[in-house]
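Structure file model_34.txt; described as compact mmCIF, C-alpha atoms and all ligand atoms.
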# COMPACT_ATOMS: atom_id res chain seq x y z
CA MET X 1 0.00 0.00 0.00
CA GLN X 2 1.37 3.45 -0.92
CA THR X 3 0.95 6.09 1.77
CA ALA X 4 1.89 9.74 1.58
CA PRO X 5 4.92 10.43 3.74
CA ALA X 6 4.31 12.50 6.83
CA GLN X 7 6.74 15.22 5.71
CA THR X 8 8.60 17.23 8.29
CA HIS X 9 10.94 20.24 8.46
CA GLY X 10 9.28 21.85 5.41
CA GLU X 11 10.01 18.80 3.21
CA ALA X 12 6.40 18.86 1.93
CA VAL X 13 7.02 22.17 0.13
CA LYS X 14 9.21 20.54 -2.48
CA THR X 15 7.77 17.57 -4.34
CA THR X 16 10.71 16.98 -6.67
CA MET X 17 14.37 16.19 -6.08
CA GLN X 18 17.61 15.96 -7.99
CA ALA X 19 18.60 12.47 -9.08
CA PHE X 20 20.85 10.83 -11.64
CA VAL X 21 18.67 8.99 -14.12
CA LEU X 22 20.12 6.36 -16.48
CA GLU X 23 19.01 7.18 -20.01
CA GLY X 24 21.16 4.71 -21.96
CA ASN X 25 23.64 1.90 -21.45
CA ASP X 26 26.73 3.53 -20.02
CA ILE X 27 28.07 6.01 -17.50
CA GLY X 28 27.86 8.77 -20.13
CA SER X 29 24.09 8.40 -20.22
CA LEU X 30 23.58 9.34 -16.57
CA ARG X 31 21.61 12.62 -16.52
CA LEU X 32 20.89 14.91 -13.57
CA ARG X 33 17.08 15.26 -13.60
CA THR X 34 14.34 16.40 -11.22
CA PRO X 35 11.94 13.47 -10.75
CA ASP X 36 9.32 13.35 -8.00
CA LYS X 37 10.49 12.42 -4.54
CA PRO X 38 9.81 8.76 -3.80
CA LYS X 39 6.51 7.74 -2.19
CA LEU X 40 6.77 5.52 0.85
CA ALA X 41 5.50 1.94 0.90
CA ALA X 42 4.53 0.24 4.16
CA GLY X 43 7.51 -0.06 6.48
CA GLU X 44 9.60 2.52 4.62
CA VAL X 45 11.30 5.72 5.70
CA LEU X 46 12.30 8.68 3.56
CA ILE X 47 15.99 9.47 3.81
CA ARG X 48 17.49 12.82 2.87
CA THR X 49 20.72 11.57 1.33
CA LYS X 50 24.02 12.85 2.68
CA ALA X 51 26.36 10.33 1.07
CA ILE X 52 26.24 7.49 -1.45
CA SER X 53 28.84 4.83 -2.14
CA LEU X 54 29.46 3.08 -5.44
CA ASN X 55 30.05 -0.60 -6.19
CA PRO X 56 31.17 -2.50 -9.30
CA ILE X 57 27.58 -3.79 -9.71
CA ASP X 58 26.46 -0.19 -10.36
CA ILE X 59 28.56 -0.07 -13.50
CA ILE X 60 27.61 -3.61 -14.54
CA ALA X 61 23.92 -2.64 -14.21
CA MET X 62 24.52 0.41 -16.41
CA GLN X 63 26.33 -1.53 -19.11
CA VAL X 64 24.66 -4.93 -19.15
CA GLU X 65 20.97 -4.81 -19.99
CA ALA X 66 20.26 -8.34 -18.73
CA VAL X 67 21.71 -7.52 -15.30
CA ARG X 68 19.79 -4.24 -15.18
CA ASN X 69 16.56 -5.99 -16.09
CA HIS X 70 17.23 -8.66 -13.47
CA LEU X 71 17.66 -5.97 -10.81
CA TYR X 72 15.15 -3.34 -11.99
CA GLY X 73 12.66 -5.40 -14.01
CA ALA X 74 11.91 -5.04 -17.72
CA PRO X 75 11.90 -1.41 -18.96
CA ASP X 76 8.51 0.17 -18.18
CA GLY X 77 9.21 3.79 -19.14
CA SER X 78 9.80 4.94 -15.55
CA ASP X 79 13.04 6.59 -14.49
CA ILE X 80 15.92 4.24 -13.78
CA ILE X 81 17.77 5.56 -10.75
CA LEU X 82 20.60 3.19 -9.84
CA GLY X 83 22.62 2.89 -6.63
CA TRP X 84 22.20 0.90 -3.42
CA ASP X 85 24.42 2.36 -0.68
CA VAL X 86 23.10 5.37 1.16
CA ALA X 87 23.63 7.30 4.39
CA GLY X 88 21.50 10.21 5.48
CA GLU X 89 18.85 11.61 7.77
CA VAL X 90 15.32 10.27 8.17
CA VAL X 91 12.86 13.04 7.23
CA ALA X 92 9.60 11.09 7.15
CA THR X 93 8.29 7.66 8.05
CA ASP X 94 5.43 5.46 6.96
CA PRO X 95 2.95 5.31 9.90
CA SER X 96 3.75 1.61 10.46
CA VAL X 97 7.38 2.40 11.31
CA THR X 98 8.07 2.58 15.04
CA LYS X 99 11.81 1.90 15.15
CA LEU X 100 12.99 5.05 13.37
CA LYS X 101 11.95 8.70 13.53
CA PRO X 102 12.70 11.94 11.70
CA GLY X 103 16.14 13.21 12.58
CA ASP X 104 17.72 9.74 12.94
CA ARG X 105 21.06 9.27 11.12
CA VAL X 106 20.85 5.99 9.20
CA PHE X 107 22.75 3.96 6.63
CA GLY X 108 22.40 0.78 4.66
CA CYS X 109 22.41 -1.17 1.45
CA ILE X 110 18.90 -0.62 0.12
CA LYS X 111 16.75 -3.19 -1.71
CA PHE X 112 19.57 -5.33 -3.12
CA PRO X 113 18.94 -7.20 -5.37
CA GLY X 114 16.26 -4.78 -6.59
CA LYS X 115 15.53 -1.12 -7.20
CA GLY X 116 17.81 0.71 -4.77
CA LYS X 117 17.43 4.17 -6.36
CA ALA X 118 20.18 5.66 -4.23
CA TYR X 119 21.58 8.17 -6.76
CA ALA X 120 19.13 10.77 -5.48
CA GLU X 121 18.62 13.50 -2.92
CA TYR X 122 15.86 11.41 -1.33
CA VAL X 123 15.65 7.64 -1.01
CA ALA X 124 12.77 5.46 0.22
CA ALA X 125 14.20 2.62 2.30
CA PRO X 126 12.65 -0.29 4.22
CA ASN X 127 13.30 0.50 7.88
CA ASP X 128 14.45 -3.09 8.49
CA GLN X 129 17.34 -2.72 6.03
CA LEU X 130 18.86 0.23 7.92
CA ALA X 131 21.03 0.75 10.97
CA LEU X 132 21.67 3.89 12.99
CA ILE X 133 25.01 5.52 12.24
CA PRO X 134 27.17 5.25 15.38
CA ASP X 135 28.29 8.48 17.06
CA GLY X 136 31.53 9.76 15.59
CA VAL X 137 31.04 7.99 12.25
CA THR X 138 30.58 10.34 9.29
CA PHE X 139 27.87 9.98 6.67
CA GLU X 140 30.61 9.27 4.11
CA SER X 141 32.13 6.43 6.17
CA ALA X 142 28.68 4.98 6.84
CA ALA X 143 27.65 5.07 3.16
CA ALA X 144 30.90 3.30 2.29
CA ALA X 145 30.00 0.46 4.68
CA GLY X 146 26.89 -0.70 2.83
CA LEU X 147 26.85 -3.43 0.18
CA ALA X 148 30.60 -4.13 0.31
CA ALA X 149 30.66 -4.41 4.11
CA ILE X 150 27.64 -6.69 4.42
CA THR X 151 29.01 -8.79 1.56
CA ALA X 152 32.25 -9.26 3.47
CA TYR X 153 30.38 -10.05 6.68
CA GLU X 154 27.82 -12.44 5.21
CA ALA X 155 30.33 -14.20 2.94
CA LEU X 156 32.86 -14.78 5.73
CA VAL X 157 30.65 -15.26 8.77
CA ASP X 158 27.32 -16.66 7.54
CA SER X 159 28.50 -18.63 4.48
CA GLY X 160 32.15 -19.20 5.42
CA LYS X 161 31.53 -20.07 9.10
CA LEU X 162 34.53 -17.94 10.08
CA SER X 163 36.08 -18.81 13.44
CA LYS X 164 38.93 -17.40 15.48
CA ASP X 165 41.29 -20.28 14.76
CA ASP X 166 40.93 -19.97 11.00
CA LYS X 167 43.66 -19.09 8.54
CA VAL X 168 41.82 -16.99 5.97
CA LEU X 169 42.98 -16.05 2.47
CA ILE X 170 41.24 -12.94 1.12
CA HIS X 171 41.58 -12.09 -2.57
CA GLY X 172 41.27 -8.50 -3.74
CA ALA X 173 42.08 -7.48 -0.17
CA ALA X 174 42.56 -3.81 -1.09
CA GLY X 175 39.13 -3.48 -2.70
CA GLY X 176 35.79 -2.41 -1.34
CA VAL X 177 34.80 -5.87 -0.14
CA GLY X 178 38.37 -7.04 0.54
CA HIS X 179 39.41 -4.28 2.96
CA PHE X 180 36.28 -4.85 5.03
CA ALA X 181 36.82 -8.63 4.89
CA VAL X 182 40.37 -8.30 6.24
CA GLN X 183 39.15 -6.23 9.19
CA ILE X 184 36.14 -8.46 9.92
CA ALA X 185 38.28 -11.62 9.87
CA LYS X 186 40.80 -9.95 12.21
CA SER X 187 37.97 -8.85 14.54
CA PHE X 188 37.09 -12.56 14.91
CA GLY X 189 40.72 -13.31 15.78
CA ALA X 190 41.55 -15.17 12.55
CA TYR X 191 44.98 -15.23 10.86
CA VAL X 192 44.58 -13.21 7.65
CA ILE X 193 46.47 -13.30 4.36
CA GLY X 194 45.47 -10.80 1.69
CA THR X 195 46.29 -10.63 -2.02
CA ALA X 196 46.81 -7.28 -3.74
CA SER X 197 48.97 -5.54 -6.32
CA ALA X 198 52.33 -4.09 -5.20
CA GLY X 199 51.04 -0.55 -4.61
CA ASN X 200 48.32 -1.78 -2.25
CA LEU X 201 50.32 -4.19 -0.05
CA ASP X 202 51.03 -1.62 2.68
CA PHE X 203 47.39 -0.56 2.65
CA VAL X 204 46.24 -4.16 3.16
CA LYS X 205 48.71 -4.54 6.06
CA SER X 206 47.36 -1.32 7.56
CA MET X 207 43.90 -2.95 7.55
CA GLY X 208 45.35 -5.64 9.83
CA ALA X 209 46.43 -8.45 7.47
CA ASP X 210 49.10 -10.71 8.98
CA GLU X 211 50.57 -11.51 5.56
CA VAL X 212 50.21 -10.06 2.09
CA ILE X 213 50.85 -11.58 -1.33
CA ASP X 214 51.59 -9.56 -4.44
CA TYR X 215 49.49 -11.59 -6.88
CA GLN X 216 51.40 -10.17 -9.83
CA LYS X 217 54.73 -11.47 -8.52
CA GLN X 218 53.78 -14.70 -6.76
CA LYS X 219 51.26 -17.46 -7.25
CA PHE X 220 49.19 -17.30 -4.08
CA GLU X 221 48.83 -21.13 -4.06
CA ASP X 222 52.64 -21.43 -3.88
CA VAL X 223 52.57 -19.39 -0.66
CA VAL X 224 49.38 -20.67 0.99
CA ARG X 225 48.30 -24.32 0.88
CA ASP X 226 46.59 -24.72 4.26
CA ALA X 227 43.94 -22.02 4.49
CA ASP X 228 40.76 -22.97 6.34
CA LEU X 229 38.75 -20.42 4.39
CA VAL X 230 39.25 -18.53 1.12
CA LEU X 231 37.21 -15.53 0.01
CA ASP X 232 37.38 -15.35 -3.78
CA SER X 233 36.21 -12.20 -5.56
CA LEU X 234 37.57 -12.99 -9.03
CA GLY X 235 36.09 -16.33 -10.12
CA GLU X 236 37.24 -18.49 -13.04
CA GLU X 237 40.94 -19.45 -12.86
CA ASN X 238 41.40 -17.66 -9.54
CA LEU X 239 38.62 -19.78 -8.06
CA LEU X 240 40.09 -23.00 -9.44
CA ARG X 241 43.54 -22.13 -8.05
CA SER X 242 41.99 -21.16 -4.70
CA ILE X 243 41.18 -24.83 -4.11
CA ASP X 244 44.95 -25.49 -4.08
CA ALA X 245 45.35 -22.85 -1.35
CA VAL X 246 42.78 -24.38 0.99
CA LYS X 247 43.40 -27.43 3.15
CA GLU X 248 41.44 -30.67 2.84
CA GLY X 249 37.94 -30.16 4.22
CA GLY X 250 38.28 -26.36 4.06
CA ARG X 251 35.82 -23.79 2.69
CA VAL X 252 35.93 -21.53 -0.37
CA VAL X 253 33.35 -18.77 -0.71
CA SER X 254 33.15 -17.15 -4.13
CA LEU X 255 31.55 -13.82 -4.98
CA LYS X 256 32.04 -14.39 -8.69
CA GLY X 257 31.99 -17.99 -9.80
CA GLY X 258 29.90 -21.08 -9.29
CA PHE X 259 31.14 -24.48 -8.24
CA GLU X 260 30.54 -26.33 -11.47
CA GLY X 261 32.56 -28.48 -13.88
CA GLU X 262 36.28 -28.56 -13.17
CA VAL X 263 35.97 -26.36 -10.06
CA ASP X 264 33.33 -28.62 -8.57
CA LYS X 265 35.34 -31.76 -9.38
CA LYS X 266 38.50 -30.38 -7.83
CA ALA X 267 36.68 -29.16 -4.71
CA LYS X 268 34.92 -32.50 -4.19
CA ALA X 269 38.16 -34.46 -4.62
CA LYS X 270 39.63 -32.47 -1.73
CA GLY X 271 36.51 -32.47 0.44
CA VAL X 272 36.33 -28.68 0.10
CA THR X 273 32.99 -26.97 0.67
CA GLY X 274 32.37 -24.50 -2.14
CA ILE X 275 29.81 -21.74 -1.69
CA ARG X 276 28.64 -19.32 -4.39
CA PHE X 277 27.60 -16.21 -2.47
CA GLY X 278 25.11 -13.49 -3.49
CA VAL X 279 24.49 -10.53 -1.19
CA HIS X 280 21.04 -9.41 -0.03
CA SER X 281 20.13 -6.26 1.88
CA ASN X 282 19.85 -7.24 5.52
CA GLY X 283 19.29 -4.90 8.44
CA ALA X 284 20.52 -7.40 11.05
CA ASP X 285 23.88 -7.71 9.30
CA GLN X 286 23.95 -3.94 8.68
CA GLN X 287 23.57 -3.56 12.45
CA LYS X 288 26.58 -5.86 12.97
CA ILE X 289 28.55 -3.56 10.67
CA ALA X 290 27.32 -0.57 12.71
CA ASP X 291 28.51 -2.29 15.91
CA LEU X 292 31.94 -2.95 14.39
CA LEU X 293 32.18 0.69 13.25
CA ALA X 294 31.15 1.84 16.74
CA SER X 295 33.81 -0.35 18.36
CA GLY X 296 36.54 0.96 16.04
CA LYS X 297 37.26 -2.59 14.84
CA LEU X 298 36.04 -1.60 11.36
CA VAL X 299 36.82 1.55 9.44
CA SER X 300 35.82 2.52 5.92
CA ALA X 301 38.83 3.36 3.80
CA ILE X 302 37.65 6.02 1.39
CA TYR X 303 39.71 6.45 -1.76
CA LYS X 304 38.04 9.70 -2.73
CA ILE X 305 34.85 11.70 -2.17
CA TRP X 306 33.16 13.35 -5.17
CA PRO X 307 30.43 16.03 -5.03
CA PHE X 308 26.96 14.89 -6.14
CA GLU X 309 27.08 16.71 -9.49
CA ASP X 310 30.23 14.72 -10.33
CA LEU X 311 28.66 11.31 -9.66
CA PRO X 312 29.35 10.19 -13.27
CA LYS X 313 33.03 11.08 -12.76
CA ALA X 314 33.05 8.98 -9.59
CA CYS X 315 31.59 6.09 -11.62
CA GLU X 316 34.34 6.53 -14.24
CA ALA X 317 36.95 6.42 -11.48
CA LEU X 318 35.57 3.26 -9.90
CA ALA X 319 37.37 0.89 -12.25
CA LYS X 320 40.70 2.67 -11.75
CA VAL X 321 40.53 3.07 -8.00
CA GLY X 322 43.58 2.12 -5.99
CA TYR X 323 41.91 0.87 -2.83
CA GLY X 324 38.85 1.09 -0.58
CA LYS X 325 35.62 2.81 -1.50
CA VAL X 326 34.44 5.55 -3.83
CA VAL X 327 31.96 7.91 -2.15
CA VAL X 328 29.72 10.72 -3.36
CA LYS X 329 28.69 13.51 -0.99
CA VAL X 330 25.22 15.04 -1.29
CA ASP X 331 24.80 18.54 0.14
N1 LIG C 401 28.39 -11.90 -5.17
C1 LIG C 401 28.15 -10.80 -4.49
O1 LIG C 401 27.18 -10.71 -3.75
C2 LIG C 401 29.12 -9.65 -4.62
C3 LIG C 401 29.02 -8.58 -3.71
C4 LIG C 401 29.96 -7.56 -3.81
C5 LIG C 401 30.93 -7.59 -4.81
N2 LIG C 401 30.95 -8.62 -5.68
C6 LIG C 401 31.98 -8.69 -6.73
O2 LIG C 401 33.22 -8.87 -6.07
C7 LIG C 401 34.24 -8.19 -6.78
C8 LIG C 401 34.98 -7.25 -5.82
O3 LIG C 401 34.10 -6.21 -5.42
P1 LIG C 401 34.69 -4.90 -4.78
O4 LIG C 401 33.57 -4.00 -4.44
O5 LIG C 401 35.66 -5.26 -3.70
O6 LIG C 401 35.50 -4.31 -6.03
P2 LIG C 401 36.71 -3.28 -6.04
O7 LIG C 401 36.54 -2.30 -4.94
O8 LIG C 401 36.82 -2.80 -7.44
O9 LIG C 401 37.98 -4.14 -5.66
C9 LIG C 401 38.48 -5.14 -6.48
C10 LIG C 401 39.93 -5.37 -6.07
O10 LIG C 401 40.42 -6.51 -6.77
C11 LIG C 401 41.81 -6.38 -6.83
N3 LIG C 401 42.31 -7.27 -7.88
C12 LIG C 401 42.21 -7.15 -9.23
N4 LIG C 401 42.75 -8.24 -9.81
C13 LIG C 401 43.18 -9.06 -8.82
C14 LIG C 401 43.81 -10.34 -8.76
N5 LIG C 401 44.10 -11.02 -9.87
N6 LIG C 401 44.09 -10.88 -7.55
C15 LIG C 401 43.78 -10.22 -6.42
N7 LIG C 401 43.19 -9.01 -6.40
C16 LIG C 401 42.89 -8.44 -7.58
C17 LIG C 401 42.08 -4.90 -7.04
O11 LIG C 401 43.19 -4.58 -6.22
P3 LIG C 401 44.63 -4.29 -6.78
O12 LIG C 401 44.56 -2.88 -7.35
O13 LIG C 401 45.49 -4.42 -5.61
O14 LIG C 401 44.86 -5.27 -7.88
C18 LIG C 401 40.84 -4.21 -6.45
O15 LIG C 401 41.15 -3.52 -5.27
C19 LIG C 401 33.57 -7.47 -7.94
O16 LIG C 401 33.71 -8.25 -9.09
C20 LIG C 401 32.12 -7.40 -7.51
O17 LIG C 401 31.25 -7.34 -8.61
C21 LIG C 401 30.07 -9.66 -5.62

As structure tokens, how would this structure be written, given the file I've shared?
Ligand SMILES: NC(=O)c1ccc[n+]([C@@H]2O[C@H](COP(=O)([O-])OP(=O)(O)OC[C@H]3O[C@@H](n4cnc5c(N)ncnc54)[C@H](OP(=O)(O)O)[C@@H]3O)[C@@H](O)[C@H]2O)c1
Amino acid sequence: MQTAPAQTHGEAVKTTMQAFVLEGNDIGSLRLRTPDKPKLAAGEVLIRTKAISLNPIDIIAMQVEAVRNHLYGAPDGSDIILGWDVAGEVVATDPSVTKLKPGDRVFGCIKFPGKGKAYAEYVAAPNDQLALIPDGVTFESAAAAGLAAITAYEALVDSGKLSKDDKVLIHGAAGGVGHFAVQIAKSFGAYVIGTASAGNLDFVKSMGADEVIDYQKQKFEDVVRDADLVLDSLGEENLLRSIDAVKEGGRVVSLKGGFEGEVDKKAKAKGVTGIRFGVHSNGADQQKIADLLASGKLVSAIYKIWPFEDLPKACEALAKVGYGKVVVKVD
């Protein structure tokens, strides 16, 4: 049921907002437009956006029609506003919402997989996909700790059954997911090895990794052969080789590839549990991320912050980023 938001602080005066609308199949077809503010469904709150973070899936959804249709449904003529990670202030709530109120500072990964619509000044978000931003954490840091952070948490802890005695190999350890994964694994007390390119090795160590491997200089499976758990974010050959790095009976969680054909055969022969992971928005896990941010055990490494009007430039930069997260600030 659609209900009109109970607008506060003069929000009712303005019925439109600024948002980046996708009008083609690439970053160059993002256009700053003024669509209507979102209407709230049952259980939703209206967030005035303060910061957004970007993920590789944003670009894939722009460029690959099948992925976009999977996430946003077949084209129906309505505006396509991409984006899933948002941090901001609650300005209105559906009457059924009791947990959050106007003025609350919130963050989360909204409606993934689905229509997140985060590239906008206002975002409608299910209250149970959000967490309060801990004191002392900026909107930018909170926005950064959305999809990538819950991916790292769910892949390691829920799927990977991470425990304190584990030796964990994390691929792409400098990236959005990887740098959170290193910190989360360390917060559980695990021994952590991260792979990265030469320029990012010190960064990965600064996130707490016990060992780092320059994947361009060394084969990771020559260095590690007894991991309890591997987090793969590359798929294909990297996934196949990851089975050599894990011990018999260990676990490999992949963000990119399935356990089929040769990979499946190799995993089974070694008694390795292979899990293909796909992230879903989840307020309980977002709250765990909030708790880790509050405790200081997790920090968002932000590569660069772009102003809202430069969101397309931030998208362009995403593929070339050195480490951590790309964030857009909304004033
Ligand atoms: N299945 C899911 O639910 C899910 C969720 C989130 C993300 N993902 C996917 O997971 C991947 C990582 O996401 P992300 O947000 O972390 O992306 P990201 O921020 O772009 O990071 C990717 C990292 O991979 C590193 N890298 C590139 N080639 C490598 C190699 N051969 N070995 C080791 N590291 C390598 C890069 O670091 P260097 O510069 O050091 O090379 C880069 O920092 C993406 O493909 C994304 O689509 C899947």

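Taking CA of Lys37 in chain X and CA of Ser141 in chain X as endpoints, the distance between them is 24.9 Å.
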
Produce a table with one row for each residue of chain X that has an atom at most 7 Å from any atom of ligand LIG 401 (chain C), each row naming the nearest atom pair and its distance in Å at one decimal; use all atoms listed in the file; arrange rows by chain and rising residue number; format as CSV.
residue,atom,partner,partner_atom,distance
X:Asn55,CA,C:LIG401,O4,5.2
X:Pro56,CA,C:LIG401,O17,4.9
X:Ile57,CA,C:LIG401,O17,5.2
X:Leu147,CA,C:LIG401,C4,6.5
X:Ala148,CA,C:LIG401,C4,5.4
X:Thr151,CA,C:LIG401,C3,5.3
X:His171,CA,C:LIG401,C15,4.8
X:Gly172,CA,C:LIG401,N7,3.3
X:Ala173,CA,C:LIG401,N7,6.5
X:Ala174,CA,C:LIG401,O15,4.4
X:Gly175,CA,C:LIG401,O9,3.2
X:Gly176,CA,C:LIG401,O7,3.7
X:Val177,CA,C:LIG401,O5,3.7
X:Gly178,CA,C:LIG401,O5,5.3
X:Thr195,CA,C:LIG401,C15,5.1
X:Ala196,CA,C:LIG401,O13,3.7
X:Ser197,CA,C:LIG401,O13,3.7
X:Ala198,CA,C:LIG401,O13,6.9
X:Gly199,CA,C:LIG401,O13,6.8
X:Asn200,CA,C:LIG401,O13,5.1
X:Tyr215,CA,C:LIG401,N6,5.5
X:Ser233,CA,C:LIG401,O2,4.5
X:Leu234,CA,C:LIG401,O16,6.1
X:Leu255,CA,C:LIG401,N1,3.7
X:Lys256,CA,C:LIG401,N1,5.6
X:Phe277,CA,C:LIG401,N1,5.1
X:Gly278,CA,C:LIG401,O1,3.5
X:Val279,CA,C:LIG401,O1,3.7
X:Leu318,CA,C:LIG401,O8,6.7
X:Ala319,CA,C:LIG401,O8,6.1
X:Val321,CA,C:LIG401,O8,7.0
X:Gly322,CA,C:LIG401,O12,5.3
X:Tyr323,CA,C:LIG401,O15,5.1
X:Gly324,CA,C:LIG401,O7,6.0
X:Lys325,CA,C:LIG401,O7,6.2

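From CA of Ile52 in chain X back to CA of Leu201 in chain X, the distance works out to 26.8 Å.
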
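In this structure, CA of Met62 in chain X sits 24.1 Å away from CA of Lys39 in chain X.
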
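Closest to Gly258 in chain X among X:Val168, X:Arg68, X:Glu237, X:Lys219 is X:Glu237, based on all atoms listed in the file.
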
Exercise: Ser281 in chain X partners within 9 Å, all atoms listed in the file, chain neighbours under 5 positions left out, as a VMD selection string: chain X and resid 108 to 113 129 to 130 146 to 147 150 286

Could you add the missing atoms to range 266-282 of chain X, up to N, CA, C and O atoms, and return them as a JSON list (two decimals), in the coordinates of the input?
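Output saved as rebuild-v4.json:
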[["chain", "number", "residue", "atom", "x", "y", "z"],
["X", 266, "LYS", "N", 37.29, -30.57, -8.63],
["X", 266, "LYS", "CA", 38.50, -30.38, -7.83],
["X", 266, "LYS", "C", 38.15, -30.17, -6.34],
["X", 266, "LYS", "O", 38.82, -30.72, -5.45],
["X", 267, "ALA", "N", 37.10, -29.41, -6.10],
["X", 267, "ALA", "CA", 36.68, -29.16, -4.71],
["X", 267, "ALA", "C", 36.23, -30.46, -4.04],
["X", 267, "ALA", "O", 36.64, -30.78, -2.91],
["X", 268, "LYS", "N", 35.44, -31.24, -4.76],
["X", 268, "LYS", "CA", 34.92, -32.50, -4.19],
["X", 268, "LYS", "C", 36.05, -33.46, -3.88],
["X", 268, "LYS", "O", 36.06, -34.12, -2.84],
["X", 269, "ALA", "N", 37.04, -33.53, -4.80],
["X", 269, "ALA", "CA", 38.16, -34.46, -4.62],
["X", 269, "ALA", "C", 38.94, -34.14, -3.34],
["X", 269, "ALA", "O", 39.57, -35.01, -2.75],
["X", 270, "LYS", "N", 38.88, -32.88, -2.92],
["X", 270, "LYS", "CA", 39.63, -32.47, -1.73],
["X", 270, "LYS", "C", 38.72, -32.30, -0.51],
["X", 270, "LYS", "O", 39.16, -31.84, 0.56],
["X", 271, "GLY", "N", 37.46, -32.63, -0.68],
["X", 271, "GLY", "CA", 36.51, -32.47, 0.44],
["X", 271, "GLY", "C", 36.30, -31.01, 0.82],
["X", 271, "GLY", "O", 35.98, -30.69, 1.96],
["X", 272, "VAL", "N", 36.48, -30.12, -0.16],
["X", 272, "VAL", "CA", 36.33, -28.68, 0.10],
["X", 272, "VAL", "C", 34.87, -28.27, -0.11],
["X", 272, "VAL", "O", 34.25, -28.65, -1.09],
["X", 273, "THR", "N", 34.34, -27.50, 0.83],
["X", 273, "THR", "CA", 32.99, -26.97, 0.67],
["X", 273, "THR", "C", 33.07, -25.69, -0.14],
["X", 273, "THR", "O", 33.76, -24.74, 0.24],
["X", 274, "GLY", "N", 32.38, -25.68, -1.27],
["X", 274, "GLY", "CA", 32.37, -24.50, -2.14],
["X", 274, "GLY", "C", 31.03, -23.79, -2.07],
["X", 274, "GLY", "O", 29.98, -24.43, -2.22],
["X", 275, "ILE", "N", 31.06, -22.50, -1.82],
["X", 275, "ILE", "CA", 29.81, -21.74, -1.69],
["X", 275, "ILE", "C", 29.83, -20.56, -2.65],
["X", 275, "ILE", "O", 30.74, -19.74, -2.61],
["X", 276, "ARG", "N", 28.83, -20.48, -3.51],
["X", 276, "ARG", "CA", 28.64, -19.32, -4.39],
["X", 276, "ARG", "C", 27.76, -18.34, -3.63],
["X", 276, "ARG", "O", 26.61, -18.65, -3.32],
["X", 277, "PHE", "N", 28.31, -17.15, -3.33],
["X", 277, "PHE", "CA", 27.60, -16.21, -2.47],
["X", 277, "PHE", "C", 26.96, -15.08, -3.28],
["X", 277, "PHE", "O", 27.57, -14.55, -4.21],
["X", 278, "GLY", "N", 25.77, -14.67, -2.91],
["X", 278, "GLY", "CA", 25.11, -13.49, -3.49],
["X", 278, "GLY", "C", 24.53, -12.65, -2.36],
["X", 278, "GLY", "O", 23.77, -13.16, -1.54],
["X", 279, "VAL", "N", 24.89, -11.37, -2.32],
["X", 279, "VAL", "CA", 24.49, -10.53, -1.19],
["X", 279, "VAL", "C", 23.01, -10.11, -1.29],
["X", 279, "VAL", "O", 22.47, -9.95, -2.38],
["X", 280, "HIS", "N", 22.40, -9.94, -0.13],
["X", 280, "HIS", "CA", 21.04, -9.41, -0.03],
["X", 280, "HIS", "C", 21.03, -8.34, 1.07],
["X", 280, "HIS", "O", 21.66, -8.53, 2.11],
["X", 281, "SER", "N", 20.29, -7.27, 0.83],
["X", 281, "SER", "CA", 20.13, -6.26, 1.88],
["X", 281, "SER", "C", 19.62, -6.95, 3.15],
["X", 281, "SER", "O", 18.75, -7.81, 3.07],
["X", 282, "ASN", "N", 20.18, -6.55, 4.28],
["X", 282, "ASN", "CA", 19.85, -7.24, 5.52],
["X", 282, "ASN", "C", 20.17, -6.33, 6.71],
["X", 282, "ASN", "O", 21.34, -6.07, 7.00]]
